[in-house]
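Coordinates as given in query.csv (CSV, C-alpha atoms):
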chain,number,residue,atom,x,y,z
A,14,MET,CA,21.6,16.7,41.8
A,15,ALA,CA,19.1,18.9,40.0
A,16,SER,CA,15.6,17.8,39.4
A,17,LEU,CA,13.8,18.7,36.1
A,18,LYS,CA,10.1,19.1,36.3
A,19,LEU,CA,8.3,17.2,33.6
A,20,ASN,CA,4.5,17.5,33.3
A,21,ASN,CA,3.7,17.9,37.0
A,22,SER,CA,6.1,15.1,37.9
A,23,SER,CA,9.7,15.1,38.8
A,24,TYR,CA,12.4,14.2,36.3
A,25,SER,CA,15.0,13.0,38.8
A,26,SER,CA,18.3,11.2,38.6
A,27,ARG,CA,18.5,7.7,37.2
A,28,ARG,CA,17.0,4.5,38.5
A,29,GLY,CA,13.6,5.9,39.1
A,30,ALA,CA,10.5,4.2,37.6
A,31,LEU,CA,7.9,5.0,35.1
A,32,VAL,CA,5.3,6.5,37.5
A,33,THR,CA,2.4,8.9,37.5
A,34,SER,CA,1.3,11.4,40.0
A,35,SER,CA,-1.9,10.5,41.8
A,36,SER,CA,-3.4,13.8,40.7
A,37,SER,CA,-2.2,13.6,37.1
A,38,SER,CA,-2.5,11.3,34.2
A,39,LEU,CA,0.9,12.2,32.9
A,40,LEU,CA,4.0,10.1,32.9
A,41,CYS,CA,7.1,10.6,34.9
A,42,VAL,CA,10.4,9.0,33.9
A,43,SER,CA,13.8,9.1,35.3
A,44,SER,CA,17.3,9.0,33.8
A,45,THR,CA,20.9,9.6,34.7
A,46,LEU,CA,22.3,12.8,33.6
A,47,SER,CA,26.0,13.3,33.2
A,48,SER,CA,27.9,16.3,34.6
A,49,ALA,CA,26.5,19.7,33.6
A,50,SER,CA,29.5,20.4,31.4
A,51,SER,CA,29.1,17.2,29.3
A,52,SER,CA,27.0,17.2,26.1
A,53,CYS,CA,26.5,13.4,26.2
A,54,TYR,CA,26.6,10.5,28.5
A,55,CYS,CA,27.8,7.0,27.9
A,56,TYR,CA,27.3,3.7,29.7
A,57,HIS,CA,30.7,2.0,29.5
A,58,HIS,CA,31.2,-1.6,30.6
A,59,ARG,CA,34.4,-3.4,31.5
A,60,ASP,CA,35.7,-5.7,28.8
A,61,GLN,CA,35.3,-9.3,29.5
A,62,SER,CA,36.4,-12.1,27.2
A,63,THR,CA,33.8,-14.4,25.9
A,64,SER,CA,34.0,-17.5,23.8
A,65,SER,CA,32.0,-18.5,20.8
A,66,SER,CA,30.2,-21.7,20.4
A,67,SER,CA,30.7,-24.1,17.5
A,68,SER,CA,30.6,-22.6,14.0
A,69,SER,CA,27.6,-24.8,13.2
A,70,SER,CA,25.4,-22.6,15.3
A,71,SER,CA,23.2,-20.2,13.4
A,72,VAL,CA,23.0,-16.5,14.5
A,73,GLN,CA,19.6,-15.5,15.9
A,74,HIS,CA,17.7,-12.5,14.7
A,75,PHE,CA,17.5,-9.5,17.0
A,76,PRO,CA,13.8,-8.8,18.0
A,77,TRP,CA,13.4,-5.6,16.2
A,78,ARG,CA,11.2,-4.2,13.4
A,79,HIS,CA,12.8,-1.7,11.0
A,80,SER,CA,10.1,-0.3,8.7
A,81,ALA,CA,8.6,3.0,7.6
A,82,THR,CA,5.2,1.4,7.2
A,83,PRO,CA,2.9,1.4,10.2
A,84,LEU,CA,1.7,-2.0,11.4
A,85,LEU,CA,-1.4,-3.3,9.6
A,86,ARG,CA,-3.5,-3.2,12.7
A,87,ILE,CA,-2.9,0.5,13.0
A,88,GLN,CA,-3.8,1.1,9.4
A,89,ASN,CA,-7.0,-0.9,10.2
A,90,ASN,CA,-7.6,1.1,13.4
A,91,ASP,CA,-7.5,-2.0,15.5
A,92,ASP,CA,-6.5,-1.4,19.2
A,93,TYR,CA,-6.6,-5.1,20.1
A,94,SER,CA,-9.2,-4.3,22.8
A,95,GLY,CA,-11.4,-7.1,21.5
A,96,MET,CA,-14.2,-4.6,21.2
A,97,PRO,CA,-15.8,-3.0,18.1
A,98,ASN,CA,-13.4,-0.6,16.3
A,99,ASN,CA,-16.0,1.8,14.9
A,100,VAL,CA,-15.6,5.5,15.8
A,101,ARG,CA,-18.3,5.6,18.4
A,102,ALA,CA,-17.0,2.5,20.3
A,103,LYS,CA,-13.5,3.8,20.3
A,104,PHE,CA,-14.6,7.2,21.6
A,105,VAL,CA,-16.4,5.6,24.5
A,106,ARG,CA,-13.3,3.5,25.3
A,107,LYS,CA,-11.2,6.6,25.2
A,108,LEU,CA,-13.6,8.5,27.5
A,109,ILE,CA,-13.5,5.7,30.0
A,110,ALA,CA,-9.7,5.5,29.9
A,111,ILE,CA,-9.2,9.3,30.5
A,112,ARG,CA,-11.6,9.2,33.4
A,113,GLU,CA,-9.4,6.5,34.9
A,114,MET,CA,-6.6,9.1,34.7
A,115,ASN,CA,-8.7,11.7,36.5
A,116,LEU,CA,-9.3,13.8,33.4
A,117,SER,CA,-12.6,15.3,32.4
A,118,PHE,CA,-15.2,14.4,29.8
A,119,TRP,CA,-14.2,17.5,27.9
A,120,ASP,CA,-10.7,16.2,27.4
A,121,ALA,CA,-12.0,13.5,25.2
A,122,LEU,CA,-14.3,15.5,23.0
A,123,PRO,CA,-13.1,15.4,19.4
A,124,ILE,CA,-14.5,18.8,18.5
A,125,LEU,CA,-11.2,20.6,17.8
A,126,PRO,CA,-9.7,17.5,16.1
A,127,MET,CA,-12.7,17.5,13.8
A,128,VAL,CA,-12.2,21.2,13.0
A,129,LEU,CA,-8.4,21.1,12.9
A,130,PRO,CA,-7.1,17.9,11.4
A,131,GLY,CA,-4.1,16.7,13.2
A,132,TYR,CA,-5.0,18.6,16.4
A,133,ARG,CA,-4.3,16.7,19.7
A,134,HIS,CA,-5.5,17.7,23.2
A,135,GLU,CA,-2.7,18.9,25.5
A,136,TRP,CA,-2.9,15.8,27.6
A,137,GLU,CA,-2.5,13.6,24.5
A,138,ARG,CA,0.6,15.5,23.4
A,139,GLU,CA,2.2,15.4,26.8
A,140,LEU,CA,1.4,11.8,27.4
A,141,SER,CA,2.8,10.9,24.0
A,142,SER,CA,5.9,12.9,24.6
A,143,ASN,CA,6.5,11.2,27.9
A,144,PHE,CA,5.9,7.8,26.3
A,145,GLU,CA,8.6,8.6,23.8
A,146,ILE,CA,11.0,9.4,26.7
A,147,ALA,CA,10.1,6.2,28.5
A,148,PHE,CA,10.7,4.2,25.3
A,149,ARG,CA,14.1,5.8,24.8
A,150,LEU,CA,15.2,5.2,28.5
A,151,ALA,CA,13.9,1.6,28.4
A,152,LEU,CA,15.7,0.8,25.2
A,153,GLU,CA,18.9,2.3,26.5
A,154,GLU,CA,18.7,0.3,29.7
A,155,LEU,CA,17.9,-2.9,27.7
A,156,LEU,CA,20.9,-2.5,25.4
A,157,CYS,CA,23.2,-1.7,28.3
A,158,THR,CA,22.1,-4.8,30.1
A,159,LEU,CA,22.3,-7.1,27.1
A,160,PHE,CA,25.8,-6.0,26.2
A,161,SER,CA,27.2,-5.4,29.6
A,162,ASP,CA,29.6,-8.4,29.4
A,163,ASN,CA,30.8,-7.5,25.9
A,164,GLY,CA,32.6,-4.2,26.6
A,165,SER,CA,30.1,-2.2,24.4
A,166,ASP,CA,29.1,1.4,24.9
A,167,VAL,CA,25.6,2.6,24.6
A,168,VAL,CA,25.8,6.3,23.8
A,169,HIS,CA,23.1,8.9,24.4
A,170,ASN,CA,23.9,12.3,23.0
A,171,GLU,CA,22.4,15.8,23.6
A,172,ASN,CA,20.1,15.3,20.6
A,173,GLN,CA,18.4,12.4,22.3
A,174,CYS,CA,20.0,9.9,19.9
A,175,ILE,CA,20.9,6.5,21.2
A,176,SER,CA,23.5,4.4,19.4
A,177,ILE,CA,25.4,1.2,19.9
A,178,ASP,CA,28.0,-0.5,17.7
A,179,THR,CA,29.2,-3.8,19.0
A,180,SER,CA,31.7,-4.1,16.1
A,181,LYS,CA,33.9,-1.8,18.0
A,182,MET,CA,34.4,-4.3,20.8
A,183,THR,CA,38.0,-5.4,21.3
A,184,THR,CA,37.3,-8.6,23.0
A,185,ARG,CA,34.9,-10.3,20.6
A,186,ARG,CA,36.2,-13.4,18.9
A,187,LYS,CA,35.5,-13.0,15.2
A,188,ASN,CA,36.7,-16.4,14.1
A,189,ALA,CA,34.6,-19.2,15.3
A,190,SER,CA,37.1,-21.8,14.2
A,191,ALA,CA,39.6,-20.5,16.8
A,192,ASP,CA,37.3,-21.3,19.7
A,193,THR,CA,38.5,-23.6,22.4
A,194,ALA,CA,35.4,-23.4,24.6
A,195,ASP,CA,33.4,-26.5,25.4
A,196,ALA,CA,29.9,-27.1,24.3
A,197,ASN,CA,28.5,-25.8,27.6
A,198,ASP,CA,29.9,-22.3,27.1
A,199,GLU,CA,27.1,-21.0,25.0
A,200,THR,CA,24.5,-22.2,27.6
A,201,THR,CA,26.5,-20.6,30.4
A,202,LYS,CA,26.7,-17.3,28.5
A,203,THR,CA,23.0,-17.3,27.8
A,204,SER,CA,22.2,-18.1,31.4
A,205,SER,CA,24.4,-15.3,32.6
A,206,GLN,CA,22.7,-12.9,30.2
A,207,SER,CA,19.2,-14.0,31.4
A,208,ALA,CA,20.3,-13.5,35.0
A,209,SER,CA,21.5,-10.0,34.2
A,210,ILE,CA,18.1,-9.0,32.9
A,211,GLU,CA,16.2,-10.7,35.7
A,212,SER,CA,18.3,-9.0,38.3
A,213,ASN,CA,17.9,-5.5,36.8
A,214,ASP,CA,15.0,-4.1,38.9
A,215,TYR,CA,15.0,-0.8,37.0
A,216,LEU,CA,14.6,-2.6,33.6
A,217,ASN,CA,11.9,-4.9,35.0
A,218,GLN,CA,9.9,-1.9,36.3
A,219,MET,CA,9.9,-0.4,32.8
A,220,ILE,CA,9.4,-3.5,30.6
A,221,ASP,CA,7.1,-6.4,31.0
A,222,GLN,CA,8.8,-9.7,31.8
A,223,THR,CA,7.2,-11.5,28.8
A,224,LEU,CA,8.7,-9.0,26.4
A,225,LEU,CA,12.1,-9.2,28.1
A,226,GLN,CA,12.1,-12.9,27.5
A,227,LYS,CA,12.4,-12.2,23.8
A,228,TYR,CA,15.9,-10.8,24.5
A,229,GLN,CA,17.1,-13.2,27.2
A,230,GLN,CA,17.9,-16.2,24.9
A,231,LEU,CA,19.8,-14.3,22.2
A,232,ASP,CA,23.2,-15.7,21.1
A,233,LEU,CA,24.9,-12.3,21.4
A,234,GLN,CA,28.4,-13.6,21.0
A,235,HIS,CA,27.7,-14.4,17.4
A,236,LEU,CA,25.6,-11.2,16.8
A,237,GLN,CA,27.0,-7.9,15.8
A,238,LEU,CA,24.5,-5.0,16.2
A,239,LYS,CA,24.6,-1.5,14.9
A,240,LEU,CA,21.7,0.6,16.0
A,241,THR,CA,21.3,4.4,15.9
A,242,ILE,CA,17.9,5.7,16.8
A,243,LYS,CA,16.6,9.3,17.2
A,244,PRO,CA,12.9,9.7,17.9
A,245,ILE,CA,11.1,12.5,16.1
A,246,PRO,CA,7.2,13.0,16.0
A,247,VAL,CA,5.1,10.8,18.3
A,248,GLN,CA,1.3,10.2,18.2
A,249,LEU,CA,-1.1,8.6,20.6
A,250,GLN,CA,-2.9,6.0,18.5
A,251,ASN,CA,-5.2,4.2,21.0
A,252,ILE,CA,-6.2,4.2,24.6
A,253,PHE,CA,-8.8,2.2,26.5
A,254,ALA,CA,-9.5,0.7,29.9
A,255,VAL,CA,-10.1,-2.9,30.9
A,256,PRO,CA,-12.6,-3.2,33.8
A,257,MET,CA,-11.9,-5.6,36.6
A,258,LEU,CA,-8.9,-7.4,35.1
A,259,THR,CA,-5.2,-6.7,35.6
A,260,ARG,CA,-2.2,-8.7,34.3
A,261,GLU,CA,-1.4,-9.7,37.9
A,262,ILE,CA,-4.8,-11.1,38.5
A,263,VAL,CA,-4.6,-13.1,35.2
A,264,ASN,CA,-1.2,-14.4,36.2
A,265,GLN,CA,-2.7,-15.6,39.5
A,266,LYS,CA,-5.7,-17.1,37.7
A,267,PRO,CA,-4.7,-18.0,34.2
A,268,HIS,CA,-8.2,-19.2,33.3
A,269,LEU,CA,-9.3,-15.6,33.3
A,270,LYS,CA,-7.1,-14.7,30.3
A,271,GLY,CA,-9.3,-13.4,27.6
A,272,ALA,CA,-12.3,-13.1,30.0
A,273,TYR,CA,-13.0,-9.5,29.0
A,274,GLN,CA,-13.0,-10.3,25.3
A,275,ARG,CA,-15.3,-13.3,25.9
A,276,LEU,CA,-17.9,-10.9,27.2
A,277,GLU,CA,-17.9,-9.2,23.8
A,278,LYS,CA,-18.2,-12.7,22.2
A,279,VAL,CA,-21.2,-13.5,24.3
A,280,TYR,CA,-23.0,-10.4,23.1
A,281,LYS,CA,-22.1,-11.0,19.5
A,282,GLU,CA,-23.6,-14.5,19.8
A,283,THR,CA,-26.7,-13.8,21.9
A,284,LYS,CA,-27.4,-10.1,21.4
A,285,SER,CA,-28.6,-10.3,25.0
A,286,TYR,CA,-27.6,-7.5,27.5
A,287,ALA,CA,-29.0,-9.7,30.3
A,288,GLU,CA,-26.7,-12.5,29.3
A,289,VAL,CA,-23.7,-10.1,29.2
A,290,LYS,CA,-24.7,-8.7,32.6
A,291,GLN,CA,-24.9,-12.1,34.1
A,292,LYS,CA,-21.4,-13.1,32.7
A,293,THR,CA,-20.0,-9.8,33.9
A,294,TYR,CA,-21.3,-10.4,37.4
A,295,GLU,CA,-19.8,-13.9,37.4
A,296,LEU,CA,-16.4,-12.4,36.3
A,297,ALA,CA,-16.6,-9.8,39.1
A,298,GLU,CA,-17.3,-12.6,41.6
A,299,GLU,CA,-14.3,-14.5,40.3
A,300,VAL,CA,-12.0,-11.5,40.5
A,301,GLY,CA,-13.5,-10.3,43.9
A,302,LEU,CA,-16.4,-8.0,44.3
A,303,GLN,CA,-14.3,-5.7,46.5
A,304,SER,CA,-11.7,-5.2,43.8
A,305,ALA,CA,-11.8,-1.9,42.0
A,306,LYS,CA,-8.6,-2.3,40.0
A,307,ARG,CA,-8.7,-1.6,36.2
A,308,THR,CA,-6.0,-1.5,33.5
A,309,VAL,CA,-5.4,1.3,31.1
A,310,ILE,CA,-3.7,0.4,27.8
A,311,ALA,CA,-2.3,2.8,25.3
A,312,ASP,CA,-0.5,2.5,21.9
A,313,VAL,CA,1.8,5.3,20.7
A,314,SER,CA,3.5,5.6,17.3
A,315,ILE,CA,7.0,6.8,17.5
A,316,ARG,CA,8.7,7.9,14.3
A,317,CYS,CA,12.5,7.7,14.3
A,318,LEU,CA,15.5,8.4,12.2
A,319,GLU,CA,17.2,5.0,12.4
A,320,TYR,CA,20.1,2.9,11.2
A,321,PHE,CA,19.7,-0.8,12.0
A,322,GLN,CA,22.0,-3.7,11.1
A,323,VAL,CA,22.7,-7.2,12.4
A,324,LYS,CA,25.6,-9.2,11.2
A,325,ASP,CA,26.8,-12.8,11.8
A,326,VAL,CA,30.2,-12.2,13.4
A,327,ARG,CA,31.6,-15.5,12.1
A,328,THR,CA,30.8,-14.8,8.4
A,329,GLY,CA,30.3,-11.0,8.2
A,330,GLU,CA,27.0,-11.6,6.5
A,331,ILE,CA,24.2,-9.1,7.1
A,332,VAL,CA,21.3,-11.1,8.5
A,333,GLN,CA,19.0,-8.1,9.3
A,334,GLY,CA,18.6,-4.5,8.4
A,335,MET,CA,20.6,-2.1,6.2
A,336,GLY,CA,23.7,-2.2,4.1
A,337,ASP,CA,27.0,-0.8,5.3
A,338,ASP,CA,26.8,2.2,3.0
A,339,GLU,CA,23.2,3.2,3.7
A,340,ASP,CA,22.2,6.2,5.7
A,341,GLU,CA,19.7,6.5,8.5
A,342,GLU,CA,16.1,6.4,7.3
A,343,GLU,CA,12.7,7.3,8.8
A,344,VAL,CA,10.9,4.4,10.4
A,345,VAL,CA,8.0,4.0,12.8
A,346,HIS,CA,7.7,2.0,16.0
A,347,LEU,CA,4.5,1.1,17.8
A,348,VAL,CA,5.0,0.9,21.6
A,349,ARG,CA,2.3,-0.4,23.9
A,350,PHE,CA,2.0,0.7,27.5
A,351,GLU,CA,-0.3,-0.3,30.4
A,352,MET,CA,-0.9,0.8,33.9
A,353,VAL,CA,-3.2,-0.2,36.7
A,354,THR,CA,-5.6,2.2,38.5
A,355,ASP,CA,-7.5,1.6,41.8
A,356,ARG,CA,-10.2,3.3,43.8
A,357,LYS,CA,-8.9,6.2,45.7
A,358,LYS,CA,-9.6,5.5,49.3
A,359,LYS,CA,-9.4,9.0,50.8
A,360,ASP,CA,-8.7,12.5,49.5
A,361,ASN,CA,-6.6,15.2,51.2
A,362,ASN,CA,-9.4,16.1,53.5
A,363,ASN,CA,-9.7,12.4,54.6
A,364,ASN,CA,-13.0,11.9,52.7
A,365,ASN,CA,-13.9,8.6,51.1
A,366,ASN,CA,-15.4,7.9,47.7
A,367,THR,CA,-14.2,11.0,45.9
A,368,GLY,CA,-14.6,9.3,42.5
A,369,GLU,CA,-10.9,9.9,41.7
A,370,ARG,CA,-8.6,7.0,40.9
A,371,ASP,CA,-5.2,6.1,42.3
A,372,ILE,CA,-2.9,6.0,39.3
A,373,GLY,CA,-0.2,3.4,39.0
A,374,SER,CA,3.0,3.1,36.9
A,375,TRP,CA,3.1,2.8,33.2
A,376,LYS,CA,5.0,-0.2,31.8
A,377,ILE,CA,6.0,-1.1,28.2
A,378,ILE,CA,4.3,-4.4,27.4
A,379,ASP,CA,5.0,-4.7,23.7
A,380,VAL,CA,7.0,-3.1,20.9
A,381,ASP,CA,5.9,-3.4,17.3
A,382,ASP,CA,3.6,-6.3,18.2
A,383,LEU,CA,6.4,-8.7,18.9
A,384,LEU,CA,3.9,-10.3,21.3
A,385,ASP,CA,0.8,-9.5,19.2
A,386,GLY,CA,-0.1,-6.8,21.7
A,387,ASN,CA,0.7,-8.9,24.7
A,388,VAL,CA,-3.1,-9.2,25.3
A,389,PHE,CA,-4.2,-10.7,28.7
A,390,HIS,CA,-7.8,-9.5,28.8

As a first step, turn the structure in this file into structure tokens.
Amino acid sequence: MASLKLNNSSYSSRRGALVTSSSSSLLCVSSTLSSASSSCYCYHHRDQSTSSSSSSSSVQHFPWRHSATPLLRIQNNDDYSGMPNNVRAKFVRKLIAIREMNLSFWDALPILPMVLPGYRHEWERELSSNFEIAFRLALEELLCTLFSDNGSDVVHNENQCISIDTSKMTTRRKNASADTADANDETTKTSSQSASIESNDYLNQMIDQTLLQKYQQLDLQHLQLKLTIKPIPVQLQNIFAVPMLTREIVNQKPHLKGAYQRLEKVYKETKSYAEVKQKTYELAEEVGLQSAKRTVIADVSIRCLEYFQVKDVRTGEIVQGMGDDEDEEEVVHLVRFEMVTDRKKKDNNNNNNTGERDIGSWKIIDVDDLLDGNVFH
């Protein structure tokens, strides 16, 4: 199978991960390509009959934001770092973050952006573009996994447009009154759906577990989804690094959640650098003085041409999104990524302490602030 080079990393056949080269800050993503003669590829799943629960159950909303207006925090230039959001502070955070990705100080300088409004450094454009690809692949895999038992197709055409229309399923029971299933059927269905997500290693490499939980408890047998999405321009909104803490460390030591932001609170209350230094040392001791791991977090805005609609299968009522006769419209999604870096032990010449960082894998941790940024620091 052919391998497509993408920003100094390989774009190989499906079931890879969102990874970065140790010598590059750029993102590598993988996907399955159909045969060379095909202009689109389609994930098709075998039809399996499912039963609806009682008609008294209400349809759940699909976790999705469909809006042309950016989130308020983006309008307010808030990166959810917990730090000051003035221009100087955000520049310093950006500088630290790109050093974590082995980029130079010059790559952060805003000289050209100041002279040419809208200008983005090459690394920003490439990283944003790769984030868009990652979002597309992750969404595609999520939809395939969610509707794998319902006989739905998730189609990805040559124009990078993803679409799903569960109304085309032949096995869905549209009339809840005709159900003969017992009361435990819905629970069984939801448990099976949750298990499908949990057992999908590829999906769990791309999307944080907390975000996936939003989709695990959906009542899909009563939900009819029509979604067509084609990403267009993308823009890196924010990027910053979190010293000492990682999501894994916080999961192991839950009392450390918010520890980094508490340091900022200490300074606001005391205006004492000595006090902050002491608290920082205490945090480092708690994490482990030998630990050199850090987390880089980035927000990217992805504008899309999109049609989105959710109906209650039993009533035909539109419960989310657009009308039947409406056309695709431009919307914007905010996707939040994170990765972990670590001290590079040795370089190619077997030297220690090169100052470079080992770069981990990017993962989607939030979409449109469904988890309020999924903040752990």

Here is a test: counting all atoms listed in the file, which residue of A:Pro267, A:Leu238, A:Arg370, A:Thr354 is nearest to Asp337 in chain A?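 Using all atoms listed in the file, Asp337 in chain A sits closest to A:Leu238.
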
When you look at range 171-175 of chain A with a cut-off of 8 Å (counting all atoms listed in the file), what residues show up, excluding the ones that are within fewer than 3 positions of it in the same chain? I need them as a list in words.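 Using all atoms listed in the file, the neighbours found are Ser52, Cys53, Arg149, Glu153, Val167, Val168, Leu240, Thr241, Ile242, Lys243 and Pro244 of chain A.
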
Now that the selection is made, can you save its residues with C-alpha atoms as a PDB file, keeping the file's coordinate frame?
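As written to disk, selection22.pdb reads:
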ATOM      1  CA  SER A  52      27.000  17.200  26.100  1.00  0.00           C
ATOM      2  CA  CYS A  53      26.500  13.400  26.200  1.00  0.00           C
ATOM      3  CA  ARG A 149      14.100   5.800  24.800  1.00  0.00           C
ATOM      4  CA  GLU A 153      18.900   2.300  26.500  1.00  0.00           C
ATOM      5  CA  VAL A 167      25.600   2.600  24.600  1.00  0.00           C
ATOM      6  CA  VAL A 168      25.800   6.300  23.800  1.00  0.00           C
ATOM      7  CA  LEU A 240      21.700   0.600  16.000  1.00  0.00           C
ATOM      8  CA  THR A 241      21.300   4.400  15.900  1.00  0.00           C
ATOM      9  CA  ILE A 242      17.900   5.700  16.800  1.00  0.00           C
ATOM     10  CA  LYS A 243      16.600   9.300  17.200  1.00  0.00           C
ATOM     11  CA  PRO A 244      12.900   9.700  17.900  1.00  0.00           C
TER      12      PRO A 244
END

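Distance check against Ala81 in chain A using only C-alpha atoms: of A:Ile220, A:Cys317, A:Ile262, A:Ile372, the minimum falls on A:Cys317.
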
Point-to-point distance in Å for CA of Tyr273 in chain A and CA of Lys290 in chain A: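 Separation between CA of Lys290 in chain A and CA of Tyr273 in chain A: 12.3 Å.
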
Computed gap from CA of Gly386 in chain A to CA of Val313 in chain A is 12.3 Å

Between A:Leu269, A:Gln226, A:Met335, A:Lys281, which is the closest to Leu296 in chain A once you count all atoms listed in the file?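 Closest candidate: A:Leu269.
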
Expressed in Å, the length from CA of Glu145 in chain A to CA of Asn264 in chain A is 27.9 Å

Taking all atoms listed in the file into account, name the residue in A:Gln88, A:Ser314, A:Ser304, A:Gln248 that is nearest to Glu139 in chain A.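 Using all atoms listed in the file, the shortest distance to Glu139 in chain A belongs to A:Gln248.
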